[in-house]
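Reproduced below: run_32.txt, with compact mmCIF, C-alpha atoms.
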```
# COMPACT_ATOMS: atom_id res chain seq x y z
CA MET A 1 140.14 140.05 63.12
CA ILE A 2 141.18 136.41 63.36
CA THR A 3 144.13 135.88 65.67
CA ASP A 4 146.92 133.32 65.30
CA THR A 5 145.47 131.35 68.23
CA HIS A 6 142.09 131.19 66.54
CA GLU A 7 143.76 130.03 63.32
CA ASP A 8 145.64 127.32 65.21
CA ASP A 9 142.36 126.21 66.82
CA LEU A 10 140.79 126.03 63.37
CA ALA A 11 143.74 123.97 62.14
CA LEU A 12 143.38 121.53 65.01
CA ARG A 13 139.67 121.20 64.36
CA ALA A 14 140.40 120.59 60.69
CA LYS A 15 142.94 117.96 61.67
CA GLN A 16 140.22 116.23 63.66
CA GLY A 17 137.98 116.14 60.59
CA ASP A 18 136.05 119.43 60.71
CA ARG A 19 135.67 120.44 57.07
CA GLU A 20 134.13 123.82 57.88
CA ALA A 21 137.20 124.71 59.93
CA PHE A 22 139.41 123.82 56.99
CA MET A 23 137.31 125.85 54.55
CA THR A 24 137.50 128.85 56.90
CA LEU A 25 141.29 128.59 56.86
CA TYR A 26 141.24 128.22 53.09
CA ASN A 27 139.18 131.39 52.70
CA LEU A 28 141.47 133.22 55.13
CA TYR A 29 144.65 132.25 53.35
CA LEU A 30 143.73 131.97 49.66
CA ASN A 31 144.72 135.54 48.76
CA LYS A 32 147.97 135.38 50.73
CA VAL A 33 148.98 132.04 49.28
CA TYR A 34 148.01 133.22 45.80
CA SER A 35 150.14 136.38 46.17
CA ARG A 36 153.14 134.41 47.41
CA VAL A 37 152.87 132.01 44.50
CA ARG A 38 152.25 134.86 42.06
CA SER A 39 155.49 136.49 43.19
CA ARG A 40 157.50 133.36 42.41
CA VAL A 41 155.77 131.46 39.59
CA PRO A 42 154.84 132.45 36.01
CA VAL A 43 151.29 133.77 35.91
CA GLN A 44 149.97 130.92 33.73
CA ASP A 45 150.98 128.34 36.36
CA VAL A 46 149.83 130.17 39.49
CA GLU A 47 146.38 128.55 39.75
CA ASP A 48 147.76 125.02 39.37
CA VAL A 49 150.39 125.58 42.04
CA VAL A 50 147.88 127.17 44.43
CA GLN A 51 145.57 124.18 43.97
CA GLU A 52 148.41 121.76 44.66
CA ILE A 53 149.28 123.67 47.81
CA PHE A 54 145.80 123.39 49.31
CA VAL A 55 145.50 119.73 48.30
CA ALA A 56 148.86 119.14 50.00
CA VAL A 57 147.53 120.91 53.10
CA ILE A 58 144.56 118.50 53.25
CA ARG A 59 146.87 115.51 52.88
CA SER A 60 149.35 116.80 55.46
CA LEU A 61 146.92 118.00 58.12
CA ASN A 62 147.71 114.94 60.21
CA SER A 63 151.27 116.20 60.64
CA PHE A 64 150.21 119.64 61.93
CA GLU A 65 151.43 119.88 65.53
CA GLN A 66 149.52 121.69 68.23
CA ARG A 67 152.57 123.74 69.17
CA ALA A 68 153.08 124.98 65.59
CA ASN A 69 151.77 128.21 64.13
CA PHE A 70 149.42 127.42 61.26
CA GLY A 71 150.66 130.28 59.05
CA THR A 72 154.29 129.22 59.42
CA TRP A 73 153.38 125.59 58.75
CA LEU A 74 151.34 126.55 55.68
CA TYR A 75 154.13 128.72 54.24
CA THR A 76 156.53 125.79 54.57
CA ILE A 77 154.16 123.85 52.31
CA VAL A 78 153.94 126.84 49.94
CA ASN A 79 157.74 126.98 49.62
CA ARG A 80 157.98 123.22 49.13
CA GLN A 81 155.32 123.20 46.40
CA ILE A 82 156.99 126.10 44.57
CA ALA A 83 160.30 124.21 44.71
CA ASP A 84 158.49 121.08 43.42
CA PHE A 85 157.01 123.10 40.58
CA TYR A 86 160.46 124.17 39.38
CA ARG A 87 161.88 120.68 39.88
CA LYS A 88 159.11 119.11 37.79
CA ARG A 89 159.51 121.78 35.13
CA SER A 90 163.23 121.09 34.91
CA ARG A 91 162.55 117.36 34.56
CA THR A 92 159.96 117.95 31.83
CA ILE A 93 162.40 120.06 29.88
CA ALA A 94 165.12 117.44 30.42
CA GLY A 95 162.72 114.78 29.08
CA ARG A 96 162.01 116.81 25.95
CA HIS A 97 165.71 117.43 25.40
CA PRO A 98 167.31 114.06 26.24
CA MET A 99 170.75 115.16 25.07
CA VAL A 100 171.08 118.10 27.46
CA THR A 101 172.54 117.90 30.95
CA LEU A 102 170.50 118.61 34.05
CA ASP A 103 172.17 122.01 34.38
CA ASP A 104 171.18 122.84 30.83
CA ALA A 105 167.65 121.63 31.54
CA GLU A 106 167.41 124.01 34.46
CA ARG A 107 168.64 126.81 32.27
CA ILE A 108 166.04 125.96 29.60
CA ALA A 109 163.33 125.65 32.27
CA ASP A 110 164.28 129.06 33.51
CA PRO A 111 162.89 131.61 31.07
CA MET A 112 165.29 134.18 32.50
CA ALA A 113 168.37 132.25 31.54
CA ALA A 114 166.99 130.98 28.25
CA ASP A 115 166.82 134.39 26.73
CA ARG A 116 168.09 137.02 29.08
CA ASP A 117 167.70 139.87 26.64
CA SER A 118 163.98 139.38 26.31
CA LEU A 119 163.30 139.02 29.99
CA ASP A 120 160.50 141.09 31.22
CA GLU A 121 160.87 142.96 34.45
CA GLN A 122 158.41 140.79 36.35
CA ALA A 123 160.02 137.49 35.47
CA GLN A 124 163.38 138.91 36.43
CA LEU A 125 162.01 140.10 39.74
CA GLN A 126 160.39 136.69 40.38
CA GLN A 127 163.59 134.84 39.79
CA SER A 128 165.63 137.24 41.87
CA LEU A 129 163.13 137.01 44.70
CA GLY A 130 163.26 133.21 44.58
CA GLY A 131 167.04 133.31 44.90
CA LEU A 132 167.08 135.36 48.08
CA PRO A 133 167.84 133.76 51.45
CA GLU A 134 164.67 132.65 53.18
CA HIS A 135 164.68 135.30 55.93
CA TYR A 136 164.92 138.04 53.30
CA GLN A 137 162.04 136.55 51.32
CA GLU A 138 160.02 136.19 54.48
CA ILE A 139 160.26 139.83 55.55
CA ILE A 140 159.36 140.99 52.03
CA PHE A 141 156.32 138.71 52.00
CA MET A 142 155.30 139.84 55.48
CA ARG A 143 155.26 143.47 54.33
CA TYR A 144 153.89 143.09 50.80
CA VAL A 145 151.69 139.98 50.95
CA ASP A 146 150.56 139.80 54.56
CA LYS A 147 150.54 143.62 54.66
CA LEU A 148 151.92 143.68 58.19
CA ALA A 149 153.20 146.95 59.61
CA PHE A 150 156.88 146.97 60.62
CA ALA A 151 155.90 146.90 64.30
CA GLU A 152 153.88 143.69 63.70
CA ILE A 153 156.71 142.17 61.69
CA ALA A 154 159.12 142.92 64.53
CA GLN A 155 156.74 141.32 67.02
CA ARG A 156 156.28 138.18 64.94
CA ARG A 157 159.97 137.80 64.33
CA GLY A 158 160.81 138.49 67.96
CA GLN A 159 162.97 141.46 66.97
CA THR A 160 163.15 145.13 67.82
CA LEU A 161 161.46 147.52 65.41
CA GLU A 162 164.87 148.84 64.38
CA ALA A 163 166.17 145.35 63.63
CA ALA A 164 163.11 144.58 61.51
CA LYS A 165 163.50 147.78 59.48
CA SER A 166 167.19 147.10 59.04
CA LEU A 167 166.53 143.54 57.87
CA TYR A 168 163.93 144.85 55.43
CA ARG A 169 166.33 147.34 53.86
CA ARG A 170 169.05 144.68 53.62
CA ALA A 171 166.56 142.34 51.96
CA LEU A 172 165.66 144.95 49.34
CA GLN A 173 169.34 145.72 48.81
CA ALA A 174 170.06 142.04 48.23
CA LEU A 175 167.13 141.86 45.81
CA ARG A 176 168.36 144.92 43.92
CA GLU A 177 171.83 143.37 43.65
CA ARG A 178 170.39 140.13 42.32
CA ILE A 179 168.33 142.01 39.73
CA GLY A 180 171.43 143.98 38.80
CA ASP A 181 173.41 140.77 38.31
CA LYS A 182 170.97 139.45 35.70
CA MET B 1 160.30 161.62 56.48
CA MET B 2 160.81 161.94 52.76
CA THR B 3 163.14 164.90 52.46
CA ASN B 4 166.40 164.76 50.63
CA THR B 5 169.23 164.06 53.04
CA PRO B 6 172.84 164.58 52.05
CA ASP B 7 174.73 161.42 51.11
CA THR B 8 177.82 161.31 53.28
CA ASN B 9 180.93 159.22 52.88
CA HIS B 10 180.51 156.15 55.12
CA ALA B 11 184.10 154.99 54.93
CA SER B 12 185.51 158.13 56.53
CA GLN B 13 183.01 158.11 59.40
CA PRO B 14 183.59 156.51 62.75
CA PRO B 15 181.33 153.48 63.31
CA THR B 16 178.87 155.26 65.56
CA ILE B 17 178.10 157.89 62.95
CA ALA B 18 177.84 155.20 60.26
CA ASP B 19 175.44 153.31 62.49
CA ALA B 20 173.35 156.41 62.95
CA ARG B 21 173.31 156.93 59.20
CA ASP B 22 172.23 153.30 58.65
CA ARG B 23 169.47 153.68 61.21
CA GLN B 24 168.31 156.84 59.51
CA LEU B 25 168.23 155.06 56.13
CA ASP B 26 166.37 152.10 57.64
CA ASN B 27 163.73 154.40 59.09
CA THR B 28 163.40 156.54 56.00
CA PHE B 29 163.09 153.52 53.73
CA ALA B 30 160.48 151.93 55.99
CA GLU B 31 158.50 155.19 55.86
CA LEU B 32 158.84 155.35 52.09
CA THR B 33 157.58 151.78 51.79
CA ASP B 34 154.60 152.52 54.05
CA ALA B 35 153.77 155.59 51.96
CA LEU B 36 154.10 153.65 48.71
CA LEU B 37 151.95 150.76 49.88
CA SER B 38 149.27 153.07 51.21
CA GLY B 39 148.96 154.60 47.75
CA GLN B 40 150.66 157.95 48.40
CA SER B 41 152.60 159.43 45.53
CA ILE B 42 156.30 159.84 46.18
CA ASN B 43 158.38 162.42 44.45
CA SER B 44 161.56 160.56 43.57
CA ALA B 45 163.50 163.83 43.40
CA THR B 46 163.06 164.32 47.13
CA VAL B 47 164.24 160.83 48.03
CA ASP B 48 167.67 160.25 49.52
CA PRO B 49 169.88 159.13 46.60
CA ALA B 50 171.06 156.18 48.69
CA LEU B 51 167.47 154.90 48.64
CA SER B 52 166.33 155.75 45.13
CA GLU B 53 167.35 152.37 43.65
CA LEU B 54 165.69 150.53 46.53
CA LEU B 55 162.54 152.55 46.00
CA LYS B 56 162.51 151.40 42.39
CA VAL B 57 162.65 147.76 43.55
CA SER B 58 159.91 148.50 46.06
CA ARG B 59 157.70 149.86 43.28
CA GLN B 60 158.37 146.70 41.22
CA LEU B 61 157.36 144.52 44.17
CA LYS B 62 154.19 146.54 44.62
CA THR B 63 153.30 146.05 40.96
CA LEU B 64 154.04 142.33 41.09
CA ILE B 65 152.36 141.52 44.39
CA ILE B 66 149.93 144.20 45.49
CA ASP B 67 148.62 145.48 42.17
CA ASP B 68 147.90 141.94 40.98
CA PRO B 69 144.10 141.35 40.94
CA GLY B 70 144.51 138.12 42.90
CA PRO B 71 142.46 134.96 42.46
CA SER B 72 139.36 135.33 40.32
CA ALA B 73 135.93 134.47 41.70
CA ALA B 74 135.74 131.61 39.19
CA PHE B 75 139.02 130.14 40.41
CA HIS B 76 137.94 130.54 44.02
CA ALA B 77 134.71 128.64 43.33
CA ARG B 78 136.46 125.94 41.30
CA LEU B 79 139.10 125.42 43.94
CA SER B 80 136.48 125.31 46.71
CA ARG B 81 134.71 122.48 44.87
CA LYS B 82 137.96 120.65 44.22
CA LEU B 83 139.00 120.92 47.86
CA THR B 84 135.63 119.69 49.08
CA GLU B 85 136.04 116.60 46.87
CA GLU B 86 139.63 116.15 47.97
CA TRP B 87 138.60 116.48 51.61
CA ASP B 88 136.01 113.71 51.26
CA LYS B 89 138.48 111.47 49.42
CA GLU B 90 141.12 112.00 52.07
CA ARG B 91 138.65 111.26 54.90
CA PHE B 92 137.57 108.07 53.14
CA ARG B 93 141.19 107.05 52.62
CA ARG B 94 141.99 107.62 56.27
CA ARG B 95 138.98 105.64 57.41
CA THR B 96 139.74 102.66 55.18
CA ASN B 97 143.50 102.68 55.03
CA ARG B 98 144.29 101.54 58.54
CA PRO B 99 146.46 98.46 58.15
CA ARG B 100 147.22 98.12 61.86
CA MET B 101 143.56 98.16 62.77
CA ILE B 102 142.66 95.68 60.03
CA GLN B 103 145.56 93.51 61.16
CA ARG B 104 144.34 93.41 64.75
CA VAL B 105 140.76 92.69 63.74
CA ALA B 106 141.92 89.85 61.45
CA LEU B 107 144.13 88.35 64.15
CA ALA B 108 141.36 88.58 66.75
CA ALA B 109 138.87 87.00 64.32
CA ALA B 110 141.27 84.15 63.55
CA LEU B 111 141.88 83.45 67.25
CA ILE B 112 138.21 83.59 68.16
CA LEU B 113 137.28 81.28 65.32
CA MET B 114 140.04 78.78 66.09
CA VAL B 115 139.21 78.70 69.79
CA GLY B 116 135.51 78.52 68.93
CA GLY B 117 136.16 75.72 66.45
CA ALA B 118 138.22 73.77 69.00
CA VAL B 119 135.59 74.18 71.70
CA LEU B 120 132.91 73.09 69.27
CA TRP B 121 135.00 70.08 68.23
CA PHE B 122 135.84 68.82 71.70
CA SER B 123 132.45 69.55 73.25
CA SER B 124 130.56 67.76 70.53
CA PRO B 125 128.99 64.51 71.69
CA ASN B 126 129.61 63.10 68.21
CA ILE B 127 133.40 63.41 68.07
CA PRO B 128 134.94 60.10 66.93
CA ALA B 129 136.64 59.26 70.25
CA THR B 130 133.42 59.34 72.19
CA ALA B 131 131.05 58.71 69.40
CA VAL B 132 128.06 56.68 70.09
CA GLY B 133 126.60 57.30 66.68
CA PRO B 134 127.54 58.69 63.25
CA ILE B 135 128.83 62.29 62.99
CA PRO B 136 126.23 64.47 61.24
CA PRO B 137 127.49 66.08 57.98
CA GLU B 138 126.49 69.59 59.27
CA PHE B 139 129.22 69.27 61.90
CA TYR B 140 131.92 68.92 59.21
CA ALA B 141 130.39 71.79 57.29
CA VAL B 142 130.56 74.06 60.39
CA VAL B 143 134.16 73.02 61.08
CA ALA B 144 135.09 73.63 57.42
CA VAL B 145 133.49 77.10 57.41
CA VAL B 146 135.16 78.02 60.72
CA GLY B 147 138.51 76.78 59.39
CA ALA B 148 138.10 78.67 56.11
CA VAL B 149 137.21 81.94 57.86
CA ALA B 150 140.08 81.53 60.32
CA GLY B 151 142.46 80.83 57.43
CA LEU B 152 141.20 83.86 55.56
CA ALA B 153 141.69 86.00 58.66
CA LEU B 154 145.24 84.72 58.98
CA ILE B 155 145.93 85.51 55.33
CA VAL B 156 144.65 89.09 55.83
CA PHE B 157 146.85 89.36 58.92
CA GLY B 158 149.87 88.17 56.97
CA LEU B 159 149.22 90.52 54.06
CA THR B 160 148.70 93.60 56.23
CA ARG B 161 151.84 92.74 58.22
CA ARG B 162 153.92 92.96 55.10
CA LYS B 163 152.85 96.64 54.43
```

Take the structure from the file and write it as structure tokens.
Amino acid sequence: MITDTHEDDLALRAKQGDREAFMTLYNLYLNKVYSRVRSRVPVQDVEDVVQEIFVAVIRSLNSFEQRANFGTWLYTIVNRQIADFYRKRSRTIAGRHPMVTLDDAERIADPMAADRDSLDEQAQLQQSLGGLPEHYQEIIFMRYVDKLAFAEIAQRRGQTLEAAKSLYRRALQALRERIGDK
Amino acid sequence: MMTNTPDTNHASQPPTIADARDRQLDNTFAELTDALLSGQSINSATVDPALSELLKVSRQLKTLIIDDPGPSAAFHARLSRKLTEEWDKERFRRRTNRPRMIQRVALAAALILMVGGAVLWFSSPNIPATAVGPIPPEFYAVVAVVGAVAGLALIVFGLTRRK
């Protein structure tokens, strides 16, 4: 099993120009990044967003700090690229509909809001998940994407096991409420 | 633990009992999630009613995230190739796009050439002030080339400074 320290070493080697180190990180994280993107982005756009994320990683490697955790740093890029994806999509829609306001454009870009009655369960879940506070999203991703046990989640978050389980249930409650609001 | 536990009225309970109830729900829901994600079948009828809606959301998350086949082998291969290309491009860009280094090299070249040109000029036995004979045309050519290179280096310095 590859530890966080080993990953950070790989990231530093990649920063110094070691392509093999970067490709090892890419192979380690592809599935996790893909799952995170899949949970937030329509299926037809997932591959494009994943590609943009790894290209952004290559271009940003210089800014990776030795004291940072590679996974945390990478997931910041994932979140930024997903936000960019929705921003660009809103702009494209606004461009095609020059008479609509930006708010309307966002509504049109958002398949959920465009036709709420025909929303499928997955799209609804994706949008609701994207609207959760970051710490709620994070604990859900840690359990479902990174497949960490609650004890590991607690350790990574610097919490007690009880606090991690409590946060998890609150996160799911918040998600259920958001789905219910749609 | 996946047995049905009675749903009690939280509002009428003192905080310590409510806390204990919350803790129990946290633990039970964490166990249910573990069971669900490890592929065990869960009988919804035996689940605490306070958790049944959350279990439904948990099942939806499992379908969306865990049951998804993930990246295809073709996509993996395509992205690997793309990233290899991108890596090489980025390395090349970093090697060549160093304005500060170019600036210093240009400035150093200009200084060396100007000092060299001046030394050459003043140490020449054929300079007009001490001339005992005609100045050879090669001398002017050398001075012109040195001046042109120094000027070029100064232009590069000025351009890179503006970036």

- Item | Nearest to chain A, chosen from B:Gln40, B:Asn27, B:Ser72, B:Ser52, with only C-alpha atoms counted in the distances | B:Asn27

- Message: Under the rule that all atoms listed in the file are counted, which of B:Glu85, B:Glu138, B:Asp67, B:Glu90 is the nearest residue to chain A?
- Response: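 When distances to chain A are compared using all atoms listed in the file, the smallest one comes from B:Glu90.
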
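Atom CA of Asn79 of chain A to atom CA of Gln173 of chain A spans 22.1 Å [interatomic distance, one decimal].
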
- Query: Using all atoms listed in the file, can you list as a PyMOL selection string the residues within 9 Å of (155.7, 137.5, 50.7)?
  - Reply: (chain A and resi 32-33+35-37+39+137-147) or (chain B and resi 65)

If the cut-off is 7 Å, can you tell me the residues of chain A near chain B, counting all atoms listed in the file? I'd like them as a CSV table (one decimal) with C-alpha atoms, keeping the file's coordinate frame.
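selection-v3.csv, freshly written:
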```csv
chain,number,residue,atom,x,y,z
A,31,ASN,CA,144.7,135.5,48.8
A,34,TYR,CA,148.0,133.2,45.8
A,35,SER,CA,150.1,136.4,46.2
A,39,SER,CA,155.5,136.5,43.2
A,51,GLN,CA,145.6,124.2,44.0
A,55,VAL,CA,145.5,119.7,48.3
A,58,ILE,CA,144.6,118.5,53.2
A,59,ARG,CA,146.9,115.5,52.9
A,122,GLN,CA,158.4,140.8,36.4
A,144,TYR,CA,153.9,143.1,50.8
A,145,VAL,CA,151.7,140.0,51.0
A,165,LYS,CA,163.5,147.8,59.5
A,166,SER,CA,167.2,147.1,59.0
A,169,ARG,CA,166.3,147.3,53.9
A,172,LEU,CA,165.7,145.0,49.3
A,173,GLN,CA,169.3,145.7,48.8
A,176,ARG,CA,168.4,144.9,43.9
```

Segment 38-131 of chain B near segment 145-160 of chain B within 9 Å: what's each residue's closest atom pair and its distance in Å to one decimal, counting only C-alpha atoms, ordered by chain then ascending residue number, as a Markdown table?
```
| residue | atom | partner | partner_atom | distance |
| --- | --- | --- | --- | --- |
| B:Pro99 | CA | B:Thr160 | CA | 5.7 |
| B:Arg100 | CA | B:Thr160 | CA | 7.4 |
| B:Ile102 | CA | B:Thr160 | CA | 7.4 |
| B:Gln103 | CA | B:Phe157 | CA | 4.9 |
| B:Arg104 | CA | B:Phe157 | CA | 7.5 |
| B:Val105 | CA | B:Phe157 | CA | 8.5 |
| B:Ala106 | CA | B:Ala153 | CA | 4.8 |
| B:Leu107 | CA | B:Phe157 | CA | 6.0 |
| B:Ala108 | CA | B:Ala153 | CA | 8.5 |
| B:Ala109 | CA | B:Ala153 | CA | 6.4 |
| B:Ala110 | CA | B:Ala150 | CA | 4.3 |
| B:Leu111 | CA | B:Ala150 | CA | 7.4 |
| B:Ile112 | CA | B:Ala150 | CA | 8.3 |
| B:Leu113 | CA | B:Ala150 | CA | 5.7 |
| B:Met114 | CA | B:Ala150 | CA | 6.4 |
| B:Gly116 | CA | B:Val146 | CA | 8.2 |
| B:Gly117 | CA | B:Val146 | CA | 6.3 |
```
